[in-house]
Protein chains: 2
Amino acid sequence: MTMSTDWLEKINWNGDGLVPVIAQETGTGKVLMMAWMNREALTLTVEEGRAIYWSRSRNKLWRKGEESGHVQVLKDIRLDCDNDVILLEVEQLGGIACHTGRHNCFFQQLQDGKWQTIEPVIKDTGTIYKK
Amino acid sequence: MTMSTDWLEKINWNGDGLVPVIAQETGTGKVLMMAWMNREALTLTVEEGRAIYWSRSRNKLWRKGEESGHVQVLKDIRLDCDNDVILLEVEQLGGIACHTGRHNCFFQQLQDGKWQTIEPVIKDTGTIYKK
């Protein structure tokens with residue numbers, strides 16, 4: 001039996017067939033990152049229980065953590081009132097969501113009209129990603 | 001003296017001159033909503049210390065709370081690693097961020113292939129918004 005795809009069609013996909021997806025860390029409640037999914041990415045995310053995004057720069061599926069091991073294990077999935085934004089609750093394996101080697105991607109804080117980096121690099125990205 | 005706008009130009013605005021903005025509640029860490037800002041909206045948000053979005057449907061500035069009183073008081077503003085997503089930390093006046101009268105907009109949860117509404121309406125929207 002194939003699962004109905006009505007839930008997929010309820011989503012207001014944008015003109016490129018994408019929806020923005022916020023990943024929030026279970027337990028801490030920290031917002032880790034925002035990325036995009038298409039129908040295939042979201043379907044695979046649900047089927048495999050891990051975040052799989054659509055990379056707009058590489059124009060292909062982005063199986064988060066496939067290279068770094070920093071997989072996001074799916075805990076919960078929500079849709080907003082306008083059906084055009086998704087919120088994931090995830091367990092962030094390795095404690096690092098950002099490709100810069102930081103816990104999350106929102107490490108630049110606006111201070112007196114300047115963006116200041118205020119979160120430390122936990123792990124050098126040269127050791128996370130193959131060249 | 002006018003504040004430099006270098007910080008605005010660091011942002012990777014999309015083709016429509018917009019950036020997605022996540023609003024997270026201070027204290028609870030709940031993700032309240034996601035909306036969009038243009039340069040003017042973000043400038044005013046910083047100047048006035050409250051969230052002011054750009055409404056894509058109405059094609060004008062959306063001074064969050066101007067009708068409902070549910071203003072979002074700005075506590076912190078972050079930019080992500082790709083400079084294309086903003087995260088606000090806000091105090092949600094009235095405890096209601098969603099136009100449906102709920103605490104936040106992410107009240108639909110995916111359960112067995114269906115979106116289920118799992119958050120209560122705190123205040124009937126008919127009493128929040130003028131007809």
# chains A, B, ... in the order shown; residues from 1 in each chain; ligands from 1
call {"tool": "residues_around", "arguments": {"residues": "Asp6 (chain B)", "least_positions_apart": "3", "cutoff": "10 Å", "atoms": "only C-alpha atoms", "output": "list in words"}}
result
Gly113, Lys114 and Trp115 of chain A; Met3, Glu9, Lys10 and Ile11 of chain B
call {"tool": "write_last_selection", "arguments": {"atoms": "N, CA and C atoms", "output": "tab-separated table (two decimals), in the first residue's frame"}}
result
chain	number	residue	atom	x	y	z
A	113	GLY	N	25.36	48.18	14.42
A	113	GLY	CA	25.48	48.33	12.98
A	113	GLY	C	26.53	47.48	12.32
A	114	LYS	N	27.01	46.45	13.04
A	114	LYS	CA	27.98	45.53	12.44
A	114	LYS	C	27.65	44.09	12.82
A	115	TRP	N	27.92	43.16	11.91
A	115	TRP	CA	27.73	41.74	12.21
A	115	TRP	C	28.98	41.21	12.89
B	3	MET	N	24.03	56.06	10.36
B	3	MET	CA	24.68	54.77	10.54
B	3	MET	C	25.02	54.19	9.17
B	9	GLU	N	24.13	45.65	3.33
B	9	GLU	CA	24.65	45.14	2.05
B	9	GLU	C	25.33	43.80	2.20
B	10	LYS	N	25.67	43.45	3.43
B	10	LYS	CA	26.28	42.12	3.63
B	10	LYS	C	25.26	41.00	3.39
B	11	ILE	N	23.99	41.34	3.53
B	11	ILE	CA	22.93	40.33	3.38
B	11	ILE	C	22.75	39.96	1.92
call {"tool": "select_by_dssp", "arguments": {"residues": "region 13-123 of chain A", "states": "helix (DSSP H, G or I)", "output": "MDAnalysis selection string"}}
result
chainID A and resid 39:48 93:95
call {"tool": "write_last_selection", "arguments": {"atoms": "N, CA and C atoms", "output": "compact mmCIF listing (two decimals), in the first residue's frame"}}
result
# COMPACT_ATOMS: atom_id res chain seq x y z
N ARG A 39 9.62 18.24 -3.21
CA ARG A 39 8.77 17.11 -2.84
C ARG A 39 9.58 15.86 -2.55
N GLU A 40 10.57 15.60 -3.39
CA GLU A 40 11.36 14.39 -3.21
C GLU A 40 12.15 14.44 -1.90
N ALA A 41 12.75 15.58 -1.61
CA ALA A 41 13.54 15.72 -0.39
C ALA A 41 12.66 15.52 0.85
N LEU A 42 11.48 16.12 0.82
CA LEU A 42 10.60 16.00 1.98
C LEU A 42 10.09 14.56 2.13
N THR A 43 9.76 13.94 1.02
CA THR A 43 9.31 12.55 1.06
C THR A 43 10.40 11.65 1.65
N LEU A 44 11.64 11.84 1.20
CA LEU A 44 12.75 11.03 1.70
C LEU A 44 13.04 11.33 3.17
N THR A 45 12.90 12.59 3.55
CA THR A 45 13.09 12.97 4.96
C THR A 45 12.15 12.17 5.85
N VAL A 46 10.89 12.10 5.43
CA VAL A 46 9.89 11.37 6.23
C VAL A 46 10.17 9.87 6.19
N GLU A 47 10.46 9.36 5.01
CA GLU A 47 10.69 7.92 4.87
C GLU A 47 11.92 7.44 5.65
N GLU A 48 12.98 8.26 5.61
CA GLU A 48 14.24 7.82 6.21
C GLU A 48 14.45 8.34 7.63
N LEU A 93 23.29 15.09 15.26
CA LEU A 93 24.42 14.22 15.58
C LEU A 93 25.73 15.00 15.45
N GLY A 94 26.63 14.78 16.40
CA GLY A 94 27.92 15.48 16.40
C GLY A 94 27.84 16.88 16.99
N GLY A 95 26.62 17.38 17.21
CA GLY A 95 26.46 18.71 17.80
C GLY A 95 26.88 19.86 16.91
call {"tool": "closest_residue", "arguments": {"among": "A:Arg58, A:Arg78, A:Lys123, A:His103", "to": "chain B", "atoms": "only C-alpha atoms"}}
result
A:Arg78
call {"tool": "closest_atom_pairs", "arguments": {"of": "chain A", "to": "chain B", "cutoff": "6 Å", "atoms": "only C-alpha atoms", "output": "JSON lines"}}
result
{"residue": "A:Trp7", "atom": "CA", "partner": "B:Lys114", "partner_atom": "CA", "distance": 5.6}
{"residue": "A:Gly29", "atom": "CA", "partner": "B:Gly29", "partner_atom": "CA", "distance": 5.5}
{"residue": "A:Ile77", "atom": "CA", "partner": "B:Leu110", "partner_atom": "CA", "distance": 5.7}
{"residue": "A:Arg78", "atom": "CA", "partner": "B:Gln109", "partner_atom": "CA", "distance": 4.5}
{"residue": "A:Leu79", "atom": "CA", "partner": "B:Gln108", "partner_atom": "CA", "distance": 5.1}
{"residue": "A:Asp80", "atom": "CA", "partner": "B:Phe106", "partner_atom": "CA", "distance": 4.2}
{"residue": "A:Cys81", "atom": "CA", "partner": "B:Cys105", "partner_atom": "CA", "distance": 5.2}
{"residue": "A:Cys105", "atom": "CA", "partner": "B:Asp80", "partner_atom": "CA", "distance": 4.8}
{"residue": "A:Phe106", "atom": "CA", "partner": "B:Asp80", "partner_atom": "CA", "distance": 4.2}
{"residue": "A:Gln108", "atom": "CA", "partner": "B:Leu79", "partner_atom": "CA", "distance": 5.1}
{"residue": "A:Gln109", "atom": "CA", "partner": "B:Arg78", "partner_atom": "CA", "distance": 4.5}
{"residue": "A:Leu110", "atom": "CA", "partner": "B:Ile77", "partner_atom": "CA", "distance": 5.7}
{"residue": "A:Lys114", "atom": "CA", "partner": "B:Trp7", "partner_atom": "CA", "distance": 5.6}
call {"tool": "select_by_dssp", "arguments": {"residues": "region 12-131 of chain A", "states": "strand (DSSP E)", "output": "PyMOL selection string"}}
result
chain A and resi 19-25+31-37+52-55+60-63+72-79+86-92+108-111+114-117
call {"tool": "write_last_selection", "arguments": {"atoms": "C-alpha atoms", "output": "PDB file, in the first residue's frame"}}
result
ATOM      1  CA  VAL A  19       9.542  25.130   0.613  1.00  0.00           C
ATOM      2  CA  PRO A  20      11.748  26.716   3.302  1.00  0.00           C
ATOM      3  CA  VAL A  21      12.573  24.382   6.194  1.00  0.00           C
ATOM      4  CA  ILE A  22      13.745  25.446   9.635  1.00  0.00           C
ATOM      5  CA  ALA A  23      15.681  22.882  11.681  1.00  0.00           C
ATOM      6  CA  GLN A  24      15.389  23.263  15.442  1.00  0.00           C
ATOM      7  CA  GLU A  25      17.378  21.192  17.895  1.00  0.00           C
ATOM      8  CA  VAL A  31      17.486  27.102  15.690  1.00  0.00           C
ATOM      9  CA  LEU A  32      20.225  25.300  13.796  1.00  0.00           C
ATOM     10  CA  MET A  33      19.704  26.353  10.180  1.00  0.00           C
ATOM     11  CA  MET A  34      17.226  27.043   7.432  1.00  0.00           C
ATOM     12  CA  ALA A  35      17.353  25.268   4.094  1.00  0.00           C
ATOM     13  CA  TRP A  36      14.989  24.196   1.320  1.00  0.00           C
ATOM     14  CA  MET A  37      13.199  21.018   0.287  1.00  0.00           C
ATOM     15  CA  ILE A  52      17.338  15.577   3.419  1.00  0.00           C
ATOM     16  CA  TYR A  53      17.332  18.994   1.781  1.00  0.00           C
ATOM     17  CA  TRP A  54      17.457  20.318  -1.761  1.00  0.00           C
ATOM     18  CA  SER A  55      20.668  22.203  -2.451  1.00  0.00           C
ATOM     19  CA  LYS A  60      20.612  18.253  -6.204  1.00  0.00           C
ATOM     20  CA  LEU A  61      19.487  16.405  -3.097  1.00  0.00           C
ATOM     21  CA  TRP A  62      21.555  17.205  -0.035  1.00  0.00           C
ATOM     22  CA  ARG A  63      21.597  14.326   2.387  1.00  0.00           C
ATOM     23  CA  GLN A  72      19.896  15.385  11.610  1.00  0.00           C
ATOM     24  CA  VAL A  73      17.627  12.700  13.060  1.00  0.00           C
ATOM     25  CA  LEU A  74      13.973  13.612  12.602  1.00  0.00           C
ATOM     26  CA  LYS A  75      11.858  13.957  15.743  1.00  0.00           C
ATOM     27  CA  ASP A  76       8.888  16.032  14.611  1.00  0.00           C
ATOM     28  CA  ILE A  77       7.645  17.866  11.546  1.00  0.00           C
ATOM     29  CA  ARG A  78       5.335  20.874  11.519  1.00  0.00           C
ATOM     30  CA  LEU A  79       3.681  23.023   8.885  1.00  0.00           C
ATOM     31  CA  ILE A  86       8.140  23.681   7.551  1.00  0.00           C
ATOM     32  CA  LEU A  87       9.674  23.344  11.007  1.00  0.00           C
ATOM     33  CA  LEU A  88      11.668  20.229  11.843  1.00  0.00           C
ATOM     34  CA  GLU A  89      12.627  19.138  15.317  1.00  0.00           C
ATOM     35  CA  VAL A  90      15.864  17.202  15.005  1.00  0.00           C
ATOM     36  CA  GLU A  91      18.610  15.567  16.993  1.00  0.00           C
ATOM     37  CA  GLN A  92      21.848  17.008  15.628  1.00  0.00           C
ATOM     38  CA  GLN A 108      26.608  36.509  13.396  1.00  0.00           C
ATOM     39  CA  GLN A 109      24.966  39.004  15.739  1.00  0.00           C
ATOM     40  CA  LEU A 110      24.096  42.584  14.833  1.00  0.00           C
ATOM     41  CA  GLN A 111      25.933  44.876  17.244  1.00  0.00           C
ATOM     42  CA  LYS A 114      27.983  45.529  12.438  1.00  0.00           C
ATOM     43  CA  TRP A 115      27.727  41.736  12.205  1.00  0.00           C
ATOM     44  CA  GLN A 116      29.932  40.188  14.871  1.00  0.00           C
ATOM     45  CA  THR A 117      30.792  36.491  14.999  1.00  0.00           C
TER      46      THR A 117
END
call {"tool": "atom_distance", "arguments": {"atom1": "CA of Val71 (chain B)", "atom2": "CA of Gly49 (chain B)"}}
result
10.3 Å
call {"tool": "atom_distance", "arguments": {"atom1": "CA of Trp13 (chain A)", "atom2": "CA of Asn38 (chain A)"}}
result
7.9 Å
call {"tool": "decode", "arguments": {"residues": "region 55-79 of chain B", "atoms": "N, CA, C and O atoms", "output": "short mmCIF file (atom, residue, chain, number, x, y, z; two decimals), in the first residue's frame"}}
result
data_model
loop_
_atom_site.label_atom_id
_atom_site.label_comp_id
_atom_site.auth_asym_id
_atom_site.auth_seq_id
_atom_site.Cartn_x
_atom_site.Cartn_y
_atom_site.Cartn_z
N SER B 55 5.06 42.27 3.64
CA SER B 55 4.00 41.35 3.26
C SER B 55 4.04 41.11 1.74
O SER B 55 3.82 42.04 0.96
N ARG B 56 4.33 39.88 1.36
CA ARG B 56 4.39 39.56 -0.07
C ARG B 56 2.99 39.52 -0.68
O ARG B 56 2.82 39.79 -1.87
N SER B 57 1.99 39.18 0.12
CA SER B 57 0.63 39.11 -0.42
C SER B 57 0.02 40.51 -0.58
O SER B 57 -0.68 40.78 -1.55
N ARG B 58 0.33 41.38 0.37
CA ARG B 58 -0.24 42.74 0.29
C ARG B 58 0.73 43.73 -0.35
O ARG B 58 0.39 44.88 -0.61
N ASN B 59 1.98 43.26 -0.55
CA ASN B 59 2.99 44.07 -1.21
C ASN B 59 3.23 45.41 -0.50
O ASN B 59 3.33 46.46 -1.12
N LYS B 60 3.32 45.31 0.83
CA LYS B 60 3.61 46.52 1.61
C LYS B 60 4.20 46.15 2.96
O LYS B 60 4.17 44.98 3.35
N LEU B 61 4.71 47.14 3.66
CA LEU B 61 5.26 46.89 4.99
C LEU B 61 4.18 46.36 5.91
O LEU B 61 3.01 46.75 5.83
N TRP B 62 4.59 45.44 6.78
CA TRP B 62 3.66 44.79 7.70
C TRP B 62 4.22 45.01 9.10
O TRP B 62 5.13 44.31 9.53
N ARG B 63 3.66 46.00 9.75
CA ARG B 63 4.11 46.34 11.10
C ARG B 63 3.42 45.38 12.06
O ARG B 63 2.34 45.67 12.56
N LYS B 64 4.07 44.24 12.28
CA LYS B 64 3.50 43.15 13.09
C LYS B 64 2.89 43.68 14.39
O LYS B 64 3.59 44.32 15.18
N GLY B 65 1.60 43.43 14.56
CA GLY B 65 0.93 43.84 15.79
C GLY B 65 0.22 45.16 15.70
O GLY B 65 -0.44 45.58 16.66
N GLU B 66 0.32 45.83 14.55
CA GLU B 66 -0.26 47.19 14.48
C GLU B 66 -1.78 47.16 14.64
O GLU B 66 -2.39 48.11 15.11
N GLU B 67 -2.39 46.03 14.24
CA GLU B 67 -3.84 45.91 14.35
C GLU B 67 -4.23 45.11 15.60
O GLU B 67 -5.16 45.45 16.31
N SER B 68 -3.48 44.05 15.83
CA SER B 68 -3.81 43.10 16.90
C SER B 68 -3.22 43.50 18.25
O SER B 68 -3.66 43.00 19.30
N GLY B 69 -2.21 44.34 18.23
CA GLY B 69 -1.47 44.64 19.45
C GLY B 69 -0.39 43.61 19.75
O GLY B 69 0.37 43.77 20.70
N HIS B 70 -0.32 42.57 18.93
CA HIS B 70 0.65 41.50 19.17
C HIS B 70 2.01 41.83 18.56
O HIS B 70 2.51 41.14 17.67
N VAL B 71 2.56 42.89 19.09
CA VAL B 71 3.87 43.38 18.64
C VAL B 71 4.96 42.40 19.06
O VAL B 71 4.85 41.74 20.09
N GLN B 72 5.99 42.30 18.23
CA GLN B 72 7.17 41.50 18.58
C GLN B 72 8.31 42.44 18.92
O GLN B 72 8.87 43.08 18.04
N VAL B 73 8.66 42.48 20.20
CA VAL B 73 9.73 43.37 20.66
C VAL B 73 11.08 42.71 20.42
O VAL B 73 11.31 41.58 20.84
N LEU B 74 11.95 43.42 19.74
CA LEU B 74 13.24 42.87 19.31
C LEU B 74 14.23 42.75 20.47
O LEU B 74 14.46 43.70 21.21
N LYS B 75 14.81 41.54 20.59
CA LYS B 75 15.81 41.29 21.63
C LYS B 75 17.19 41.02 21.04
O LYS B 75 18.20 41.32 21.66
N ASP B 76 17.21 40.41 19.86
CA ASP B 76 18.49 40.01 19.27
C ASP B 76 18.25 39.76 17.79
O ASP B 76 17.14 39.40 17.39
N ILE B 77 19.29 39.95 17.00
CA ILE B 77 19.17 39.71 15.57
C ILE B 77 20.44 39.03 15.07
O ILE B 77 21.55 39.47 15.35
N ARG B 78 20.23 37.91 14.37
CA ARG B 78 21.35 37.09 13.91
C ARG B 78 21.26 36.89 12.40
O ARG B 78 20.16 36.92 11.81
N LEU B 79 22.40 36.62 11.81
CA LEU B 79 22.49 36.34 10.38
C LEU B 79 23.21 35.00 10.23
O LEU B 79 24.13 34.70 10.98
#
